[in-house]
Structures are given as C-alpha cells and as structure tokens.
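What follows is a set of notes on a single structure, which appears directly below.
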Amino acid sequence: MPRAGSPQLPPGGAVPPAPMNIGEAADPPFAVLPDPASLFGRRAARFAELAPEHPLEAYLRFLASVAGAQRDCLDGLPEPVLPPPVELERAYTHSMPPVPFGRFEADAVFDATLTAFLDRLAVADGLPQASRDAIEGLRAADADARRAMADAVLVGSIPEDAVAPHVLMAAALQVHFTRAAARLDASRLTPVADAACPSCGSGPVASMIVGWPGAHGTRFCACSMCGTLWNVVRIKCLLCGGVDGIAYHTIEGAPDVVKAETCEQCHGYVKILHQHKDTRLESVADDVGSLGLDLLLAEEDWVRGGANPFLTGY
Amino acid sequence: MNMQLSRRQLLKLTGAGAAGSALGAFGFGGAEEAMAQAVRPFKLARATETRNTCPYCSVSCGMILYSLGDRSKNARSEIFHVEGDPDNPVNRGTLCPKGAGVLDFIRAKTRVKHPMYRAPGTAAFKQVSWDWAMDRIATLMKEDRDRNFIAANKDGVTVNRWTTTGFLAGCATSNEAGWLTWKVTRGLGLIQVDNQARI
C-alpha cells in the first residue's frame, strides 16, 4: 500500500515517474502552540503518575495539585488581552516574541487568573503548611507587591527567603502566558534564539525528541513559561550554541529516556526527553522527576541551564 | 579559573542545606535528602551522538551515530545505534536499507581497516603500510601515464589526456576534498573521474 501522501496510481495505468514516500520524512513545524487545558491536565497526570515510590513523592503529589489547580482555574477566566495588532504584526515580521515576558502587565485578567489559581489550589488535599502560608501571603499582597514578585519570577531572580510565594506566582504566570500564547498564530512565529521561546522569549525547561508523524526524531524545546514548543536542530548546546563536545549523560542503569545534554564548551546542560520512546514524558513534570540526575551532575560541576520554577535553587 | 556557581551550589558550599530551594521552601527538604540518598550509589553514564554522512552513495544522507564510552578516560567508544539525521535537509531522518544497515558494516569482522595488497598471481591479501601502498600506486600511475599519455591529437591540437586510467573517489567528501580531487586528477590529464562531487 502506498503511504498517505504518495501519488495515487491510476487504476491499471503505468506507475508515474515520481518519487514515492518510502519513509517517514521529517518535516517539522517550527512552533507548536499550547492548549492550556490539555497542557496542565497532562502535567498534573504525569506528576501524579511519577509520584508513587519516588523519593520526591510528597513534592510530586504537591505539584500534581499545583498543575491540577492550573488546569481547573482555566474555566471562566476572562479572555486574555493580547498586544494591539500593530505590535503583534511588528513582532511577527521582525523575529520578536509577540507576548514577551519583559512587557508583562499585571492587568485585570492576570489578577483574575492569580485569584482563581490560588482559590483552586487552596481547596486541594494534603497541602503542606508552607504552601498554605504562601497562598495567604499572595492573597494579602497588594498590587505593587504582586507586581514585584511577578517581575522577580520573570527575570529569574527569586529571592531565596521567599521562594514559596514566588513559585506559586510563577505557576499563575504560566497559566497567564500559556493562555496568551495559545491565541497566537503558530505559522507566523519565527526563531528568536535557540534558547528563547518564539512566543514569550522565556528559556526552555528542557527539550524533547518527539515521535510525531511527520516530525519523527526532531527536537523541540519546551517553554518554561508558556508551554510553546519550538524546533531546534539536535546535538547542539541550547545555552551557548556549541556543537563540539556535546554528550548525553544518564544515571547508569536507569531508563535512558531523560538525558542531560552537556556541553564541554560552556559546561552547562539542559535535559532532553526522549518522548518518542515514552510518550508519557512531560517537560516540566519529568524535569522535576529526574532531579536525581541534576544532583549527580552537580557533583561533576555541570551547571543546570533549564528553567523551571518548581526546581528553583538548583 | 572562571567558575560559575548556581545558587544551589553556593548554598551547599556555605552549608545552608535545603534552604533557598523550591523543595525546602515548601517543607520538602526531607524529600530532597531522600533523592540524594537514592542516587548516591549510582554513576553517570555518558553517550554521544555524532553527525556523519552515509558512506555509500552520492545522495550523502545525514546520519546520527550513537556511541557509548567516555573518551576522556581512554575507554573504547562503541557505536551502538545509527539512524537518519532528521535535521539533514537531504534525507530528513530517512535512510535506505543499505544505510540503515550501516551498523553491521561498521562492526563487520571482514571490514577493511588497513591497506591490503594482493600481488598478481597470488590468492591472498596481505597487509601493507600506507607509505608502501601510496608508493606502489604512484609508481603504477606514472608507468601507465608515461606509456599512454596523449599530448596532441591527430590534427596536432594539444589535448593532454590520459585515458587508460580512471579515478574513483569517495562520496562523503567536502567541497574542499572534491576540489582537490579535481585539481589533482585533471592536472594529470585523467578523463574518467568519479568523485561523486555532484552533491
């Protein structure tokens, strides 16, 4: 049987002198936009799936509640406000992220998102006291304090004496940016930089080798903030762009579906998930689930380059 | 030495433990300790993925060679998997059956790893040095060229052609290697050249 996309043979006629598709030729789209409900739903399910018997079980169960609250708060939120069409057009035509994190505005939609997220999270079972304190702290914070926290999260400088409320702020910002990115035009996004999201400009949490039909074996970076996936060539350091001295580290004996792509030039690494081998892998959840790999890499002085608010401090 | 420290590493150096991390902040410092205990007995395994070009034909498909082994520790690295390079615009991740089976070619017991010579009239190949092989080839080329070189055709027009020897070069060659092949062979007057420089 000819594959889908192969030229149709005329009945009883000669075989047309055209090449036929005899393999899975990879022709990946540049960017894939997130669907907020399925993104956070899958993430919550993956956290819950990773948790049993895991050394981080309690933390993974807590993050399953966080991702569940991110998903559940989506219903009934007001429509996000995108930049005016002229600015979107400028971004599309000049390789800039259309909803850049640097121009975040704590508008009424974000306030509603943060409130709805905290309300959903507050009713989750088995929350640690520290998270209840963080929820109350965020609820009590005035607009200026919230704004300062959001800015600290977005520029990646979370103060170490107030990590918990900032991590919850980051979770609310993920919802906010994911909803905005979902309303962009994927076909018009263009590369900004290897390690910068074409939707919001944030760094990747990890990259994934995907097994999608028509893109088999290609690599996509997953945005740590808005969940946009973008295509980057494989075997290249996302942090410094180097292509020499790239290696893949795993924990000896463990399933090698989560690897660290290390670079001898900049001595950094970003994890790479082999989703084509295990379709359950989810960038944020499996990044946390593979913290053991980070701990071993840190002992050899590799510097973590993936961005993930749930692993703040590593 | 230029050292980069993550906040986590700095805190570890200063003995601050789980403070400042997301786990510590939410009260899961114990889970972090459990994680560290769980991985402590294990080592890191290192593998590489290397881009290369298929050695067979002039389509020159991109390949990714997967190998295990730590080069820095003088361990022998072993290629354990080969697949088409999905980023290569020539083949977009595909390989023909011959290219897909290249792992057996790499590992073949009969793979030729040294210059081999079978003297006329003998039955077996024997290993020779590269120097010997190059000298032998050069000598034979010169003999044949001296005997058969055509400087001018029957009308007296200078043609400088050498038609009795052909030259078959590699396929996975770069532009520069292709250019050199052309310079050398054409300079000698060779007509029959296939260096698969059409890629």
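FYI, nothing fancy with the structure tokens labels: chains A, B, ... in order, residues from 1 per chain, ligands from 1 as they appear.
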Output as JSON lines one row per residue of chain A within 8 Å of chain B: the closest atom pair and its distance in Å to one decimal place, counting only C-alpha atoms, sorted by chain and residue number ascending.
```
{"residue": "A:Gly23", "atom": "CA", "partner": "B:Thr94", "partner_atom": "CA", "distance": 5.9}
{"residue": "A:Glu24", "atom": "CA", "partner": "B:Thr94", "partner_atom": "CA", "distance": 6.4}
{"residue": "A:Ala25", "atom": "CA", "partner": "B:Arg92", "partner_atom": "CA", "distance": 5.2}
{"residue": "A:Ala26", "atom": "CA", "partner": "B:Arg92", "partner_atom": "CA", "distance": 5.0}
{"residue": "A:Asp27", "atom": "CA", "partner": "B:Arg92", "partner_atom": "CA", "distance": 7.1}
{"residue": "A:Pro55", "atom": "CA", "partner": "B:Met35", "partner_atom": "CA", "distance": 5.0}
{"residue": "A:Leu56", "atom": "CA", "partner": "B:Ala31", "partner_atom": "CA", "distance": 4.9}
{"residue": "A:Glu57", "atom": "CA", "partner": "B:Ala31", "partner_atom": "CA", "distance": 7.4}
{"residue": "A:Ala58", "atom": "CA", "partner": "B:Ala31", "partner_atom": "CA", "distance": 7.1}
{"residue": "A:Tyr59", "atom": "CA", "partner": "B:Phe28", "partner_atom": "CA", "distance": 6.3}
{"residue": "A:Pro128", "atom": "CA", "partner": "B:Phe26", "partner_atom": "CA", "distance": 6.7}
{"residue": "A:Gln129", "atom": "CA", "partner": "B:Phe26", "partner_atom": "CA", "distance": 7.8}
{"residue": "A:Ala130", "atom": "CA", "partner": "B:Phe26", "partner_atom": "CA", "distance": 5.0}
{"residue": "A:Ser131", "atom": "CA", "partner": "B:Phe26", "partner_atom": "CA", "distance": 5.9}
{"residue": "A:Pro159", "atom": "CA", "partner": "B:Gly20", "partner_atom": "CA", "distance": 8.0}
{"residue": "A:Glu160", "atom": "CA", "partner": "B:Gly20", "partner_atom": "CA", "distance": 4.4}
{"residue": "A:Asp161", "atom": "CA", "partner": "B:Gly20", "partner_atom": "CA", "distance": 6.4}
{"residue": "A:Ala162", "atom": "CA", "partner": "B:Ala25", "partner_atom": "CA", "distance": 7.7}
{"residue": "A:Val163", "atom": "CA", "partner": "B:Ala25", "partner_atom": "CA", "distance": 5.9}
{"residue": "A:Ala164", "atom": "CA", "partner": "B:Ala25", "partner_atom": "CA", "distance": 5.3}
{"residue": "A:Val167", "atom": "CA", "partner": "B:Ala22", "partner_atom": "CA", "distance": 7.3}
{"residue": "A:Ala215", "atom": "CA", "partner": "B:Pro86", "partner_atom": "CA", "distance": 7.9}
{"residue": "A:His216", "atom": "CA", "partner": "B:Pro86", "partner_atom": "CA", "distance": 7.4}
{"residue": "A:Gly217", "atom": "CA", "partner": "B:Pro86", "partner_atom": "CA", "distance": 5.9}
{"residue": "A:Thr218", "atom": "CA", "partner": "B:Pro86", "partner_atom": "CA", "distance": 5.7}
{"residue": "A:Val233", "atom": "CA", "partner": "B:Asp87", "partner_atom": "CA", "distance": 5.9}
{"residue": "A:Arg234", "atom": "CA", "partner": "B:Asp87", "partner_atom": "CA", "distance": 7.2}
{"residue": "A:Ile235", "atom": "CA", "partner": "B:Glu49", "partner_atom": "CA", "distance": 6.8}
{"residue": "A:Ile246", "atom": "CA", "partner": "B:Thr48", "partner_atom": "CA", "distance": 6.9}
{"residue": "A:Ala247", "atom": "CA", "partner": "B:Thr48", "partner_atom": "CA", "distance": 4.7}
{"residue": "A:Tyr248", "atom": "CA", "partner": "B:Ala47", "partner_atom": "CA", "distance": 5.0}
{"residue": "A:His249", "atom": "CA", "partner": "B:Arg46", "partner_atom": "CA", "distance": 4.6}
{"residue": "A:Thr250", "atom": "CA", "partner": "B:Ala45", "partner_atom": "CA", "distance": 5.2}
{"residue": "A:Ile251", "atom": "CA", "partner": "B:Leu44", "partner_atom": "CA", "distance": 4.8}
{"residue": "A:Glu252", "atom": "CA", "partner": "B:Ala45", "partner_atom": "CA", "distance": 5.0}
{"residue": "A:Leu291", "atom": "CA", "partner": "B:Met35", "partner_atom": "CA", "distance": 7.6}
{"residue": "A:Gly292", "atom": "CA", "partner": "B:Val39", "partner_atom": "CA", "distance": 5.9}
{"residue": "A:Leu293", "atom": "CA", "partner": "B:Val39", "partner_atom": "CA", "distance": 7.9}
{"residue": "A:Leu295", "atom": "CA", "partner": "B:Ala36", "partner_atom": "CA", "distance": 6.7}
{"residue": "A:Leu296", "atom": "CA", "partner": "B:Leu44", "partner_atom": "CA", "distance": 7.1}
{"residue": "A:Leu297", "atom": "CA", "partner": "B:Leu44", "partner_atom": "CA", "distance": 7.7}
{"residue": "A:Ala298", "atom": "CA", "partner": "B:Gln9", "partner_atom": "CA", "distance": 7.7}
{"residue": "A:Val303", "atom": "CA", "partner": "B:Ser6", "partner_atom": "CA", "distance": 6.9}
{"residue": "A:Arg304", "atom": "CA", "partner": "B:Ser6", "partner_atom": "CA", "distance": 7.7}
{"residue": "A:Pro309", "atom": "CA", "partner": "B:Ala22", "partner_atom": "CA", "distance": 7.7}
{"residue": "A:Phe310", "atom": "CA", "partner": "B:Ala22", "partner_atom": "CA", "distance": 6.0}
{"residue": "A:Leu311", "atom": "CA", "partner": "B:Ala22", "partner_atom": "CA", "distance": 5.7}
{"residue": "A:Thr312", "atom": "CA", "partner": "B:Ala22", "partner_atom": "CA", "distance": 5.0}
{"residue": "A:Gly313", "atom": "CA", "partner": "B:Ser21", "partner_atom": "CA", "distance": 4.3}
{"residue": "A:Tyr314", "atom": "CA", "partner": "B:Arg8", "partner_atom": "CA", "distance": 4.8}
```
Surrounding residues of stretch 162-179 of chain B excluding itself and chain neighbours under 6 positions, 8 Å, only C-alpha atoms, as a PyMOL selection string: chain B and resi 53-58+60+141+144-145+148-150+185+188-197
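What separates atom CA of B:Leu180 from atom CA of B:Val112 is a distance of 24.8 Å.
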Close residues, A:Ala124 itself excluded, 10 Å, only C-alpha atoms, min 6 positions apart in chain, as a PDB file with C-alpha atoms, in the first residue's frame:
```pdb
ATOM      1  CA  PHE A  62       2.019  18.634  45.793  1.00  0.00           C
ATOM      2  CA  ALA A  64       0.223  17.458  40.875  1.00  0.00           C
ATOM      3  CA  SER A  65      -2.140  19.610  42.963  1.00  0.00           C
ATOM      4  CA  VAL A  66      -0.498  22.776  41.626  1.00  0.00           C
ATOM      5  CA  GLY A  68      -4.356  20.465  38.695  1.00  0.00           C
ATOM      6  CA  ALA A  69      -5.200  23.929  40.038  1.00  0.00           C
TER       7      ALA A  69
END
```
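Here the strand (DSSP E or B) residues in stretch 114-144 of chain B, by DSSP on the backbone, are B:Met116, B:Tyr117, B:Lys126, B:Gln127.
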Selection to disk with C-alpha atoms, as a short mmCIF file (atom, residue, chain, number, x, y, z; two decimals), in the first residue's frame:
```cif
data_model
loop_
_atom_site.label_atom_id
_atom_site.label_comp_id
_atom_site.auth_asym_id
_atom_site.auth_seq_id
_atom_site.Cartn_x
_atom_site.Cartn_y
_atom_site.Cartn_z
CA MET B 116 45.68 -4.58 1.71
CA TYR B 117 47.65 -5.89 -1.26
CA LYS B 126 48.41 -9.19 2.88
CA GLN B 127 48.52 -6.08 4.99
#
```
Non-local contacts of A:Cys237 (9 Å; only C-alpha atoms; under 2 positions in same chain excluded) as a list in words: Asp194, Arg234, Ile235, Leu239, Cys240, Gly241, Gly242, Val243, Asp244, Ile246, Glu261, Thr262, Cys263, Gln265, Cys266, Gly268, Tyr269 and Val270 of chain A
Surrounding residues of A:Ala106 excluding itself and chain neighbours under 2 positions, 12 Å, only C-alpha atoms, as an MDAnalysis selection string: chainID A and resid 80:81 101:104 108:114 142:151 169 172:173 176:177
Surrounding residues of A:Gly227 excluding itself and chain neighbours under 2 positions, 8 Å, only C-alpha atoms, as a PyMOL selection string: chain A and resi 33-34+39+174+178+222-225+229
With N, CA and C atoms retained, write the just-selected residues as a PDB file, in the first residue's frame.
```pdb
ATOM      1  N   LEU A  33       1.858  25.605  19.333  1.00  0.00           N
ATOM      2  CA  LEU A  33       1.323  26.386  20.444  1.00  0.00           C
ATOM      3  C   LEU A  33       0.627  25.474  21.450  1.00  0.00           C
ATOM      4  N   PRO A  34       0.577  25.920  22.707  1.00  0.00           N
ATOM      5  CA  PRO A  34      -0.018  25.066  23.737  1.00  0.00           C
ATOM      6  C   PRO A  34      -1.549  25.126  23.719  1.00  0.00           C
ATOM      7  N   LEU A  39      -2.432  20.886  28.311  1.00  0.00           N
ATOM      8  CA  LEU A  39      -1.066  21.001  28.825  1.00  0.00           C
ATOM      9  C   LEU A  39      -1.030  20.787  30.339  1.00  0.00           C
ATOM     10  N   GLN A 174       2.497  31.092  34.509  1.00  0.00           N
ATOM     11  CA  GLN A 174       2.456  30.051  33.467  1.00  0.00           C
ATOM     12  C   GLN A 174       1.064  29.984  32.850  1.00  0.00           C
ATOM     13  N   THR A 178       0.485  30.977  29.044  1.00  0.00           N
ATOM     14  CA  THR A 178       0.026  29.866  28.207  1.00  0.00           C
ATOM     15  C   THR A 178      -1.267  30.241  27.491  1.00  0.00           C
ATOM     16  N   ALA A 222      10.805  23.068  25.002  1.00  0.00           N
ATOM     17  CA  ALA A 222       9.533  23.347  25.671  1.00  0.00           C
ATOM     18  C   ALA A 222       9.702  24.581  26.540  1.00  0.00           C
ATOM     19  N   CYS A 223       8.857  25.598  26.298  1.00  0.00           N
ATOM     20  CA  CYS A 223       8.985  26.853  27.043  1.00  0.00           C
ATOM     21  C   CYS A 223       8.621  26.638  28.503  1.00  0.00           C
ATOM     22  N   SER A 224       9.447  27.193  29.396  1.00  0.00           N
ATOM     23  CA  SER A 224       9.196  27.034  30.825  1.00  0.00           C
ATOM     24  C   SER A 224       8.019  27.887  31.280  1.00  0.00           C
ATOM     25  N   MET A 225       7.666  28.890  30.507  1.00  0.00           N
ATOM     26  CA  MET A 225       6.608  29.793  30.939  1.00  0.00           C
ATOM     27  C   MET A 225       5.289  29.516  30.210  1.00  0.00           C
ATOM     28  N   LEU A 229       6.165  24.943  22.061  1.00  0.00           N
ATOM     29  CA  LEU A 229       7.258  24.068  21.649  1.00  0.00           C
ATOM     30  C   LEU A 229       7.871  24.643  20.381  1.00  0.00           C
TER      31      LEU A 229
END
```
DSSP alpha helix (DSSP H) residues within stretch 86-177 of chain B, listed as a PyMOL selection string: chain B and resi 97-100+102-107+130-148+175-177
Would you output that residue set with C-alpha atoms, as a PDB file, in the first residue's frame?
```pdb
ATOM      1  CA  PRO B  97      18.015  -0.217   3.716  1.00  0.00           C
ATOM      2  CA  LYS B  98      21.715  -0.114   2.924  1.00  0.00           C
ATOM      3  CA  GLY B  99      22.294   2.998   5.010  1.00  0.00           C
ATOM      4  CA  ALA B 100      20.044   1.725   7.800  1.00  0.00           C
ATOM      5  CA  VAL B 102      25.467   0.533   8.266  1.00  0.00           C
ATOM      6  CA  LEU B 103      25.966  -0.619  11.859  1.00  0.00           C
ATOM      7  CA  ASP B 104      26.721  -4.120  10.555  1.00  0.00           C
ATOM      8  CA  PHE B 105      29.175  -2.571   8.091  1.00  0.00           C
ATOM      9  CA  ILE B 106      30.911  -0.701  10.922  1.00  0.00           C
ATOM     10  CA  ARG B 107      31.160  -3.826  13.060  1.00  0.00           C
ATOM     11  CA  TRP B 130      50.116   3.302   3.749  1.00  0.00           C
ATOM     12  CA  ASP B 131      53.526   4.505   2.541  1.00  0.00           C
ATOM     13  CA  TRP B 132      54.078   1.316   0.617  1.00  0.00           C
ATOM     14  CA  ALA B 133      50.607   1.486  -0.898  1.00  0.00           C
ATOM     15  CA  MET B 134      50.985   5.117  -1.944  1.00  0.00           C
ATOM     16  CA  ASP B 135      54.387   4.466  -3.495  1.00  0.00           C
ATOM     17  CA  ARG B 136      53.032   1.455  -5.354  1.00  0.00           C
ATOM     18  CA  ILE B 137      50.023   3.376  -6.692  1.00  0.00           C
ATOM     19  CA  ALA B 138      52.196   6.346  -7.710  1.00  0.00           C
ATOM     20  CA  THR B 139      54.672   4.095  -9.494  1.00  0.00           C
ATOM     21  CA  LEU B 140      51.961   2.285 -11.429  1.00  0.00           C
ATOM     22  CA  MET B 141      50.220   5.531 -12.303  1.00  0.00           C
ATOM     23  CA  LYS B 142      53.440   7.041 -13.594  1.00  0.00           C
ATOM     24  CA  GLU B 143      54.296   3.944 -15.657  1.00  0.00           C
ATOM     25  CA  ASP B 144      50.860   3.888 -17.230  1.00  0.00           C
ATOM     26  CA  ARG B 145      50.803   7.638 -17.826  1.00  0.00           C
ATOM     27  CA  ASP B 146      54.272   7.652 -19.408  1.00  0.00           C
ATOM     28  CA  ARG B 147      53.175   4.867 -21.728  1.00  0.00           C
ATOM     29  CA  ASN B 148      49.733   6.132 -22.732  1.00  0.00           C
ATOM     30  CA  ASN B 175      33.668  20.696  -1.199  1.00  0.00           C
ATOM     31  CA  GLU B 176      37.351  21.182  -0.450  1.00  0.00           C
ATOM     32  CA  ALA B 177      38.206  17.498  -0.841  1.00  0.00           C
TER      33      ALA B 177
END
```
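Across A:Glu89, A:Glu136, A:Asp256, A:Asp286, the tightest approach to A:Arg43 is made by A:Asp286 when counting only C-alpha atoms.
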Computed interatomic separation between atom CA of A:Val257 and atom CA of A:Gln275 (Å): 7.3 Å
Atom pair atom CA of A:Ser38 / atom CA of A:Ala171: separation (Å): 15.7 Å
